[in-house]
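Q: File name data_7.pdb; file contents PDB, C-alpha atoms; full text below.
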```pdb
ATOM      1  CA  MET A 182    -168.319 159.440 -27.676  1.00  0.00           C
ATOM      2  CA  ASN A 183    -164.716 160.088 -28.673  1.00  0.00           C
ATOM      3  CA  ASP A 184    -163.913 156.420 -28.165  1.00  0.00           C
ATOM      4  CA  ILE A 185    -166.600 155.467 -30.661  1.00  0.00           C
ATOM      5  CA  LYS A 186    -165.214 157.952 -33.192  1.00  0.00           C
ATOM      6  CA  VAL A 187    -161.690 156.606 -32.752  1.00  0.00           C
ATOM      7  CA  VAL A 188    -162.824 153.001 -33.188  1.00  0.00           C
ATOM      8  CA  HIS A 189    -164.861 153.928 -36.251  1.00  0.00           C
ATOM      9  CA  ARG A 190    -161.954 155.859 -37.759  1.00  0.00           C
ATOM     10  CA  ASN A 191    -159.547 152.944 -37.163  1.00  0.00           C
ATOM     11  CA  GLN A 192    -161.935 150.442 -38.715  1.00  0.00           C
ATOM     12  CA  ARG A 193    -162.438 152.704 -41.704  1.00  0.00           C
ATOM     13  CA  ARG A 194    -158.651 153.028 -42.176  1.00  0.00           C
ATOM     14  CA  ALA A 195    -158.185 149.289 -41.953  1.00  0.00           C
ATOM     15  CA  PHE A 196    -160.964 148.733 -44.481  1.00  0.00           C
ATOM     16  CA  ASN A 197    -159.487 151.321 -46.872  1.00  0.00           C
ATOM     17  CA  ASN A 198    -156.030 149.757 -46.565  1.00  0.00           C
ATOM     18  CA  THR A 199    -157.499 146.358 -47.355  1.00  0.00           C
ATOM     19  CA  ILE A 200    -159.210 147.733 -50.450  1.00  0.00           C
ATOM     20  CA  ARG A 201    -155.979 149.388 -51.612  1.00  0.00           C
ATOM     21  CA  THR A 202    -153.849 146.273 -51.181  1.00  0.00           C
ATOM     22  CA  LEU A 203    -156.374 143.884 -52.723  1.00  0.00           C
ATOM     23  CA  PRO A 204    -155.449 144.652 -56.373  1.00  0.00           C
ATOM     24  CA  GLN A 205    -151.761 144.308 -55.512  1.00  0.00           C
ATOM     25  CA  ARG A 206    -152.400 140.909 -53.958  1.00  0.00           C
ATOM     26  CA  MET A 207    -154.438 139.874 -56.981  1.00  0.00           C
ATOM     27  CA  THR A 208    -151.692 140.914 -59.409  1.00  0.00           C
ATOM     28  CA  GLN A 209    -149.124 139.035 -57.341  1.00  0.00           C
ATOM     29  CA  ALA A 210    -151.297 135.939 -57.427  1.00  0.00           C
ATOM     30  CA  ALA A 211    -151.730 136.326 -61.186  1.00  0.00           C
ATOM     31  CA  ARG A 212    -147.975 136.672 -61.653  1.00  0.00           C
ATOM     32  CA  ARG A 213    -147.366 133.560 -59.596  1.00  0.00           C
ATOM     33  CA  GLN A 214    -149.911 131.669 -61.673  1.00  0.00           C
ATOM     34  CA  ILE A 215    -148.338 132.829 -64.940  1.00  0.00           C
ATOM     35  CA  GLN A 216    -144.898 131.780 -63.721  1.00  0.00           C
ATOM     36  CA  ALA A 217    -146.226 128.353 -62.790  1.00  0.00           C
ATOM     37  CA  VAL A 218    -147.809 127.930 -66.228  1.00  0.00           C
ATOM     38  CA  ARG A 219    -144.571 129.009 -67.907  1.00  0.00           C
ATOM     39  CA  ARG A 220    -142.594 126.491 -65.872  1.00  0.00           C
ATOM     40  CA  VAL A 221    -144.937 123.668 -66.844  1.00  0.00           C
ATOM     41  CA  ALA A 222    -144.935 124.740 -70.490  1.00  0.00           C
ATOM     42  CA  THR A 223    -141.146 124.906 -70.577  1.00  0.00           C
ATOM     43  CA  LYS A 224    -140.860 121.427 -69.087  1.00  0.00           C
ATOM     44  CA  ALA A 225    -143.358 120.082 -71.618  1.00  0.00           C
ATOM     45  CA  ILE A 226    -141.585 121.738 -74.552  1.00  0.00           C
ATOM     46  CA  ASN A 227    -138.196 120.437 -73.452  1.00  0.00           C
ATOM     47  CA  SER A 228    -139.488 116.906 -73.025  1.00  0.00           C
ATOM     48  CA  VAL A 229    -141.060 116.992 -76.497  1.00  0.00           C
ATOM     49  CA  LYS A 230    -137.776 118.266 -77.951  1.00  0.00           C
ATOM     50  CA  LYS A 231    -135.922 115.353 -76.373  1.00  0.00           C
ATOM     51  CA  VAL A 232    -138.298 112.905 -78.032  1.00  0.00           C
ATOM     52  CA  VAL A 233    -138.547 114.614 -81.421  1.00  0.00           C
ATOM     53  CA  LYS A 234    -134.869 115.443 -82.068  1.00  0.00           C
ATOM     54  CA  PRO A 235    -133.668 111.815 -82.426  1.00  0.00           C
ATOM     55  CA  ILE A 236    -136.458 111.200 -84.913  1.00  0.00           C
ATOM     56  CA  VAL A 237    -136.120 114.383 -86.961  1.00  0.00           C
ATOM     57  CA  ARG A 238    -132.325 114.498 -87.328  1.00  0.00           C
ATOM     58  CA  PRO A 239    -131.926 111.218 -89.213  1.00  0.00           C
ATOM     59  CA  VAL A 240    -134.787 112.191 -91.497  1.00  0.00           C
ATOM     60  CA  GLN A 241    -133.114 115.547 -92.180  1.00  0.00           C
ATOM     61  CA  HIS A 242    -129.826 113.852 -93.005  1.00  0.00           C
ATOM     62  CA  PHE A 243    -131.587 111.391 -95.284  1.00  0.00           C
ATOM     63  CA  ALA A 244    -133.495 114.195 -97.033  1.00  0.00           C
ATOM     64  CA  GLN A 245    -130.326 116.238 -97.606  1.00  0.00           C
ATOM     65  CA  TRP A 246    -128.678 113.400 -99.543  1.00  0.00           C
TER      66      TRP A 246
END
```
I need this file expressed as structure tokens, please.
A:
Amino acid sequence: MNDIKVVHRNQRRAFNNTIRTLPQRMTQAARRQIQAVRRVATKAINSVKKVVKPIVRPVQHFAQW
């Protein structure tokens, strides 16, 4: 009978630990996802800047005359 109680208690502890760590794992996954999106966005913004700057600068110089 004691063996059954010990097994039940251990399973309950493991289950409770899993429930406690689940939100932490979810927030870590969300952070990783946000970082990945930021990286992609930064790359996209930088590539657009490289294309737009050579076009905009001559127009600015022409408009300032």
Q: Adding 5 Å on each side of the box along x, y and z that holds all listed atoms of range 203-212 of chain A, could you give its centre and edge lengths in Å to one decimal, as lines of an AutoDock Vina configuration file?
A:
```
center_x = -152.2
center_y = 140.3
center_z = -57.2
size_x = 18.4
size_y = 18.7
size_z = 18.9
```
Q: Between CA of Val187 in chain A and CA of Pro204 in chain A, what is the distance in Å, rounded to a tenth?
A: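 Calculated distance between CA of Val187 in chain A and CA of Pro204 in chain A is 27.2 Å.
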Q: Work out how far apart CA of Thr199 in chain A and CA of Ile215 in chain A are and give it in Å to one decimal.
A: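 According to the coordinates, CA of Thr199 in chain A and CA of Ile215 in chain A are separated by 24.0 Å.
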Q: Could you tell me how far CA of Arg190 in chain A sits from CA of Gln209 in chain A, in Å to one decimal place?
A: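 Computed distance, CA of Gln209 in chain A to CA of Arg190 in chain A, equals 28.8 Å.
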Q: Give me the residues of range 188-213 of chain A that have any atom at most 12 Å from an atom of range 218-227 of chain A; for each, the nearest atom pair and the distance in Å, rounded to one decimal. Use only C-alpha atoms, sort by chain and number, and format it as a tab-separated table.
A:
```
residue	atom	partner	partner_atom	distance
A:Ala211	CA	A:Val218	CA	10.5
A:Arg212	CA	A:Val218	CA	9.9
A:Arg213	CA	A:Val218	CA	8.7
```
Q: Just need range 195-206 of chain A in a file, please: all heavy atoms, as a short mmCIF file (atom, residue, chain, number, x, y, z; two decimals), in the first residue's frame.
A:
```cif
data_model
loop_
_atom_site.label_atom_id
_atom_site.label_comp_id
_atom_site.auth_asym_id
_atom_site.auth_seq_id
_atom_site.Cartn_x
_atom_site.Cartn_y
_atom_site.Cartn_z
N ALA A 195 5.51 15.16 -10.41
CA ALA A 195 5.98 15.33 -11.79
C ALA A 195 4.96 16.10 -12.62
O ALA A 195 5.32 16.99 -13.40
CB ALA A 195 6.26 13.97 -12.41
N PHE A 196 3.69 15.77 -12.43
CA PHE A 196 2.63 16.46 -13.16
C PHE A 196 2.58 17.93 -12.77
O PHE A 196 2.48 18.82 -13.63
CB PHE A 196 1.29 15.77 -12.89
CG PHE A 196 0.15 16.33 -13.67
CD1 PHE A 196 0.06 16.12 -15.03
CD2 PHE A 196 -0.83 17.10 -13.05
CE1 PHE A 196 -0.99 16.64 -15.76
CE2 PHE A 196 -1.89 17.62 -13.77
CZ PHE A 196 -1.96 17.39 -15.13
N ASN A 197 2.69 18.22 -11.46
CA ASN A 197 2.66 19.61 -10.99
C ASN A 197 3.87 20.38 -11.52
O ASN A 197 3.75 21.55 -11.90
CB ASN A 197 2.62 19.66 -9.46
CG ASN A 197 1.26 19.28 -8.92
OD1 ASN A 197 0.27 19.34 -9.63
ND2 ASN A 197 1.20 18.88 -7.67
N ASN A 198 5.03 19.75 -11.55
CA ASN A 198 6.22 20.42 -12.07
C ASN A 198 6.05 20.73 -13.56
O ASN A 198 6.46 21.79 -14.03
CB ASN A 198 7.47 19.57 -11.84
CG ASN A 198 7.87 19.56 -10.39
OD1 ASN A 198 7.48 20.43 -9.62
ND2 ASN A 198 8.64 18.56 -10.01
N THR A 199 5.44 19.82 -14.28
CA THR A 199 5.20 20.05 -15.70
C THR A 199 4.27 21.23 -15.90
O THR A 199 4.49 22.08 -16.76
CB THR A 199 4.60 18.79 -16.35
OG1 THR A 199 5.49 17.71 -16.15
CG2 THR A 199 4.38 19.00 -17.83
N ILE A 200 3.23 21.30 -15.09
CA ILE A 200 2.27 22.41 -15.21
C ILE A 200 2.96 23.73 -14.87
O ILE A 200 2.73 24.75 -15.52
CB ILE A 200 1.06 22.17 -14.29
CG1 ILE A 200 0.21 21.03 -14.86
CG2 ILE A 200 0.22 23.43 -14.14
CD1 ILE A 200 -0.93 20.63 -13.99
N ARG A 201 3.84 23.74 -13.87
CA ARG A 201 4.52 24.97 -13.50
C ARG A 201 5.48 25.44 -14.59
O ARG A 201 5.61 26.63 -14.84
CB ARG A 201 5.30 24.77 -12.19
CG ARG A 201 4.41 24.83 -10.99
CD ARG A 201 5.25 24.90 -9.72
NE ARG A 201 4.48 24.28 -8.65
CZ ARG A 201 4.82 23.18 -8.00
NH1 ARG A 201 5.95 22.55 -8.27
NH2 ARG A 201 4.05 22.68 -7.07
N THR A 202 6.19 24.51 -15.22
CA THR A 202 7.18 24.92 -16.20
C THR A 202 6.59 25.20 -17.58
O THR A 202 7.25 25.79 -18.42
CB THR A 202 8.29 23.86 -16.34
OG1 THR A 202 7.70 22.62 -16.74
CG2 THR A 202 9.04 23.68 -15.04
N LEU A 203 5.37 24.79 -17.80
CA LEU A 203 4.75 24.98 -19.12
C LEU A 203 4.67 26.46 -19.51
O LEU A 203 5.08 26.82 -20.61
CB LEU A 203 3.37 24.31 -19.16
CG LEU A 203 2.71 24.24 -20.52
CD1 LEU A 203 3.55 23.40 -21.47
CD2 LEU A 203 1.33 23.64 -20.39
N PRO A 204 4.18 27.36 -18.65
CA PRO A 204 4.15 28.77 -19.05
C PRO A 204 5.53 29.33 -19.33
O PRO A 204 5.71 30.14 -20.24
CB PRO A 204 3.52 29.48 -17.84
CG PRO A 204 2.73 28.43 -17.16
CD PRO A 204 3.49 27.15 -17.38
N GLN A 205 6.54 28.89 -18.56
CA GLN A 205 7.89 29.36 -18.80
C GLN A 205 8.36 28.93 -20.18
O GLN A 205 8.96 29.70 -20.92
CB GLN A 205 8.85 28.83 -17.74
CG GLN A 205 8.60 29.39 -16.35
CD GLN A 205 9.44 28.69 -15.30
OE1 GLN A 205 10.08 27.69 -15.58
NE2 GLN A 205 9.42 29.21 -14.10
N ARG A 206 8.08 27.67 -20.53
CA ARG A 206 8.48 27.18 -21.84
C ARG A 206 7.75 27.93 -22.95
O ARG A 206 8.32 28.24 -23.98
CB ARG A 206 8.20 25.68 -21.96
CG ARG A 206 9.27 24.85 -21.28
CD ARG A 206 9.08 23.40 -21.62
NE ARG A 206 8.69 22.72 -20.41
CZ ARG A 206 7.92 21.67 -20.34
NH1 ARG A 206 7.44 21.13 -21.42
NH2 ARG A 206 7.63 21.12 -19.19
#
```
